[in-house]
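Here is the structure we will look at.
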Amino acid sequence: MEHHLQTPLKKEDIEKLNAGDIVYISGEILTARDEAHARILDMEKEGKKLPFSLEGAAVYHCGPLMQKTKNGWNVVSAGPTTSGRMSKMTPSLLKAHAVRAIIGKGGMKDVADALKNKCVYLAYTGGCAALAAELIKEVKAVYWLDLGMPEAVWVLRVEEFGPLIVGIDAKGKDIFAEVREKAQKRLENQK
């Protein structure tokens, strides 16, 4: 099934998604990689307010390449980065903030339970950096440039960003885990 969603996302938006569905997102998405996740969690521990909202957010695991212009920023490329690196931080992030979608590549390990009834993981094909850049219509803001361009949080306005595949739905179905299990069984049967 194909879905066209608008951010900020509501719980009802993600509840109707099933693993394997195709999704296109319009509105704002925020990039966040390892360093940004760590800073968000540190600020949460210290009781500090974030300079951006994660309520109903779509967080994109991406380290974009940007070009400074006299009018702001131009997106050169913005492909997905491997999401597995953020797996350990994701349950804490979802406990503190109502993030509704995580976009990345490669899946995430041991997060299906943390996503249940809260969030979905949307897989974006690696190698789509130029396509992704075309779907980004505006750089609305940037936070934490002190972390470096790829690790900063970029607030991007997108139109029909995708196609994204629901890799882990809010019901706990994880197509990446299923593929890993099938591969493991094949290996065991070959012994």
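A note on labels: chains of the structure tokens are A, B, ... as shown, every chain counts residues from 1, and ligands are counted from 1 in their shown order.
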Might you pull out every residue within 9 Å of stretch 121-124 of chain A, with only C-alpha atoms counted and same-chain residues fewer than 6 positions away left off, and present them as a PDB file with N, CA and C atoms, in the first residue's frame?
ATOM      1  N   ILE A  22       4.789   1.486   1.160  1.00  0.00           N
ATOM      2  CA  ILE A  22       5.578   2.578   0.579  1.00  0.00           C
ATOM      3  C   ILE A  22       5.049   3.895   1.131  1.00  0.00           C
ATOM      4  N   VAL A  23       5.974   4.796   1.510  1.00  0.00           N
ATOM      5  CA  VAL A  23       5.600   6.081   2.111  1.00  0.00           C
ATOM      6  C   VAL A  23       6.345   7.208   1.403  1.00  0.00           C
ATOM      7  N   GLY A  79      21.985  11.747   1.020  1.00  0.00           N
ATOM      8  CA  GLY A  79      21.589  10.341   1.081  1.00  0.00           C
ATOM      9  C   GLY A  79      21.535   9.834   2.502  1.00  0.00           C
ATOM     10  N   PRO A  80      20.859   8.706   2.713  1.00  0.00           N
ATOM     11  CA  PRO A  80      20.747   8.146   4.053  1.00  0.00           C
ATOM     12  C   PRO A  80      22.059   7.555   4.532  1.00  0.00           C
ATOM     13  N   ARG A 100       7.918  10.361  15.401  1.00  0.00           N
ATOM     14  CA  ARG A 100       6.968   9.417  14.800  1.00  0.00           C
ATOM     15  C   ARG A 100       7.563   8.602  13.655  1.00  0.00           C
ATOM     16  N   ALA A 101       8.655   9.082  13.048  1.00  0.00           N
ATOM     17  CA  ALA A 101       9.278   8.330  11.956  1.00  0.00           C
ATOM     18  C   ALA A 101      10.785   8.528  11.998  1.00  0.00           C
ATOM     19  N   ILE A 102      11.489   7.445  11.747  1.00  0.00           N
ATOM     20  CA  ILE A 102      12.944   7.470  11.603  1.00  0.00           C
ATOM     21  C   ILE A 102      13.223   6.988  10.190  1.00  0.00           C
ATOM     22  N   ILE A 103      14.008   7.762   9.461  1.00  0.00           N
ATOM     23  CA  ILE A 103      14.343   7.431   8.072  1.00  0.00           C
ATOM     24  C   ILE A 103      15.837   7.130   8.012  1.00  0.00           C
ATOM     25  N   GLY A 104      16.204   6.049   7.352  1.00  0.00           N
ATOM     26  CA  GLY A 104      17.618   5.713   7.219  1.00  0.00           C
ATOM     27  C   GLY A 104      17.795   4.527   6.299  1.00  0.00           C
ATOM     28  N   LYS A 105      18.989   3.933   6.359  1.00  0.00           N
ATOM     29  CA  LYS A 105      19.225   2.736   5.540  1.00  0.00           C
ATOM     30  C   LYS A 105      19.775   1.615   6.413  1.00  0.00           C
ATOM     31  N   GLY A 106      19.506   0.407   5.976  1.00  0.00           N
ATOM     32  CA  GLY A 106      20.089  -0.763   6.614  1.00  0.00           C
ATOM     33  C   GLY A 106      19.343  -1.338   7.791  1.00  0.00           C
ATOM     34  N   GLY A 107      18.285  -0.699   8.242  1.00  0.00           N
ATOM     35  CA  GLY A 107      17.539  -1.209   9.386  1.00  0.00           C
ATOM     36  C   GLY A 107      18.205  -0.877  10.706  1.00  0.00           C
ATOM     37  N   MET A 108      17.560  -1.297  11.790  1.00  0.00           N
ATOM     38  CA  MET A 108      18.063  -1.059  13.141  1.00  0.00           C
ATOM     39  C   MET A 108      17.846  -2.337  13.940  1.00  0.00           C
ATOM     40  N   ALA A 112      12.535  -2.673  17.641  1.00  0.00           N
ATOM     41  CA  ALA A 112      11.118  -2.882  17.308  1.00  0.00           C
ATOM     42  C   ALA A 112      10.223  -2.673  18.525  1.00  0.00           C
ATOM     43  N   LEU A 115       9.817   0.993  19.306  1.00  0.00           N
ATOM     44  CA  LEU A 115       9.005   1.690  18.312  1.00  0.00           C
ATOM     45  C   LEU A 115       7.511   1.408  18.473  1.00  0.00           C
ATOM     46  N   GLY A 162      10.817  10.351  -0.871  1.00  0.00           N
ATOM     47  CA  GLY A 162      10.709   8.902  -0.929  1.00  0.00           C
ATOM     48  C   GLY A 162      11.105   8.418  -2.313  1.00  0.00           C
ATOM     49  N   PRO A 163      10.765   7.192  -2.645  1.00  0.00           N
ATOM     50  CA  PRO A 163       9.938   6.276  -1.867  1.00  0.00           C
ATOM     51  C   PRO A 163      10.688   5.707  -0.660  1.00  0.00           C
ATOM     52  N   LEU A 164       9.959   5.616   0.433  1.00  0.00           N
ATOM     53  CA  LEU A 164      10.461   5.037   1.675  1.00  0.00           C
ATOM     54  C   LEU A 164       9.681   3.747   1.922  1.00  0.00           C
ATOM     55  N   ILE A 165      10.346   2.732   2.427  1.00  0.00           N
ATOM     56  CA  ILE A 165       9.689   1.457   2.717  1.00  0.00           C
ATOM     57  C   ILE A 165       9.591   1.298   4.224  1.00  0.00           C
ATOM     58  N   VAL A 166       8.401   0.944   4.709  1.00  0.00           N
ATOM     59  CA  VAL A 166       8.227   0.712   6.139  1.00  0.00           C
ATOM     60  C   VAL A 166       8.999  -0.564   6.488  1.00  0.00           C
ATOM     61  N   GLY A 167      10.143  -0.375   7.135  1.00  0.00           N
ATOM     62  CA  GLY A 167      10.995  -1.506   7.517  1.00  0.00           C
ATOM     63  C   GLY A 167      10.617  -2.085   8.871  1.00  0.00           C
ATOM     64  N   ILE A 168      10.181  -1.215   9.778  1.00  0.00           N
ATOM     65  CA  ILE A 168       9.679  -1.643  11.086  1.00  0.00           C
ATOM     66  C   ILE A 168       8.421  -0.820  11.336  1.00  0.00           C
ATOM     67  N   ASP A 169       7.298  -1.501  11.517  1.00  0.00           N
ATOM     68  CA  ASP A 169       6.063  -0.754  11.744  1.00  0.00           C
ATOM     69  C   ASP A 169       5.805  -0.566  13.240  1.00  0.00           C
ATOM     70  N   ALA A 170       4.786   0.200  13.562  1.00  0.00           N
ATOM     71  CA  ALA A 170       4.472   0.529  14.959  1.00  0.00           C
ATOM     72  C   ALA A 170       3.814  -0.644  15.694  1.00  0.00           C
ATOM     73  N   ASP A 174       9.251  -6.302  11.968  1.00  0.00           N
ATOM     74  CA  ASP A 174      10.565  -5.834  11.529  1.00  0.00           C
ATOM     75  C   ASP A 174      11.037  -6.692  10.369  1.00  0.00           C
TER      76      ASP A 174
END
* Please return as an MDAnalysis selection string: the residues of chain A that backbone DSSP assigns to helix (DSSP H, G or I). => chainID A and resid 11:15 34:45 83:86 90:96 112:115 129:135 145:147 175:190
Can you build me a table of stretch 57-115 of chain A residues sitting at most 12 Å from stretch 29-40 of chain A, with the closest atom pair per residue and its distance in Å to one decimal, using only C-alpha atoms, sorted by chain and residue number, as a Markdown table?
| residue | atom | partner | partner_atom | distance |
| --- | --- | --- | --- | --- |
| A:Ala57 | CA | A:Ile29 | CA | 6.6 |
| A:Ala58 | CA | A:Ile29 | CA | 5.1 |
| A:Val59 | CA | A:Leu30 | CA | 5.0 |
| A:Tyr60 | CA | A:Thr31 | CA | 4.5 |
| A:His61 | CA | A:Ala32 | CA | 5.4 |
| A:Cys62 | CA | A:Thr31 | CA | 5.6 |
| A:Gly63 | CA | A:Arg33 | CA | 6.9 |
| A:Pro64 | CA | A:Thr31 | CA | 8.2 |
| A:Leu65 | CA | A:Thr31 | CA | 11.7 |
| A:Ala78 | CA | A:Thr31 | CA | 9.4 |
| A:Gly79 | CA | A:Thr31 | CA | 10.6 |
| A:Pro80 | CA | A:Thr31 | CA | 9.5 |
| A:Thr81 | CA | A:Arg33 | CA | 8.1 |
| A:Thr82 | CA | A:Arg33 | CA | 9.2 |
| A:Ser83 | CA | A:Arg33 | CA | 8.4 |
| A:Gly84 | CA | A:Asp34 | CA | 10.1 |
| A:Arg85 | CA | A:Asp34 | CA | 6.9 |
| A:Met86 | CA | A:Asp34 | CA | 6.1 |
| A:Ser87 | CA | A:Asp34 | CA | 9.8 |
| A:Lys88 | CA | A:His37 | CA | 10.2 |
| A:Met89 | CA | A:His37 | CA | 6.9 |
| A:Thr90 | CA | A:His37 | CA | 8.3 |
| A:Pro91 | CA | A:His37 | CA | 11.2 |
| A:Ser92 | CA | A:His37 | CA | 9.7 |
| A:Leu93 | CA | A:His37 | CA | 7.7 |
| A:Leu94 | CA | A:His37 | CA | 11.1 |
| A:Ala96 | CA | A:Ile40 | CA | 9.6 |
| A:His97 | CA | A:Ile40 | CA | 9.9 |
| A:Val99 | CA | A:Leu30 | CA | 10.5 |
| A:Arg100 | CA | A:Ile29 | CA | 10.9 |
| A:Ala101 | CA | A:Ile29 | CA | 9.4 |
| A:Ile102 | CA | A:Ile29 | CA | 9.6 |
| A:Ile103 | CA | A:Thr31 | CA | 9.1 |
| A:Gly104 | CA | A:Thr31 | CA | 9.9 |
* So which residues of chain A fall under strand (DSSP E or B) by DSSP, listed as an MDAnalysis selection string? -> chainID A and resid 2:6 22:31 58:60 62 65:69 72:77 80 82 101:105 120:123 136:143 153:168 174
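Non-sequential neighbours of A:Leu156 (distance at most 10 Å, separation of 5 or more positions within a chain, only C-alpha atoms) are A:Gly27, A:Glu28, A:Ile29, A:Leu30, A:Thr31, A:Tyr60, A:Val75, A:Leu135, A:Ile136, A:Lys137, A:Glu138, A:Val139, A:Lys140, A:Ala141, A:Val142.
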For the selection you just gave me, I'd like the residues written to a file as a short mmCIF file (atom, residue, chain, number, x, y, z; two decimals), in the first residue's frame, keeping C-alpha atoms.
data_model
loop_
_atom_site.label_atom_id
_atom_site.label_comp_id
_atom_site.auth_asym_id
_atom_site.auth_seq_id
_atom_site.Cartn_x
_atom_site.Cartn_y
_atom_site.Cartn_z
CA GLY A 27 6.73 18.90 5.25
CA GLU A 28 9.73 19.18 7.56
CA ILE A 29 12.26 16.48 8.35
CA LEU A 30 15.28 16.83 10.65
CA THR A 31 18.64 15.19 10.06
CA TYR A 60 16.44 11.41 8.92
CA VAL A 75 21.77 20.93 -0.66
CA LEU A 135 13.28 16.32 -3.11
CA ILE A 136 14.55 18.82 -0.53
CA LYS A 137 12.95 22.12 -1.42
CA GLU A 138 14.42 24.33 1.32
CA VAL A 139 16.89 24.36 4.18
CA LYS A 140 14.79 25.98 6.91
CA ALA A 141 17.40 25.99 9.69
CA VAL A 142 20.59 24.40 10.98
#
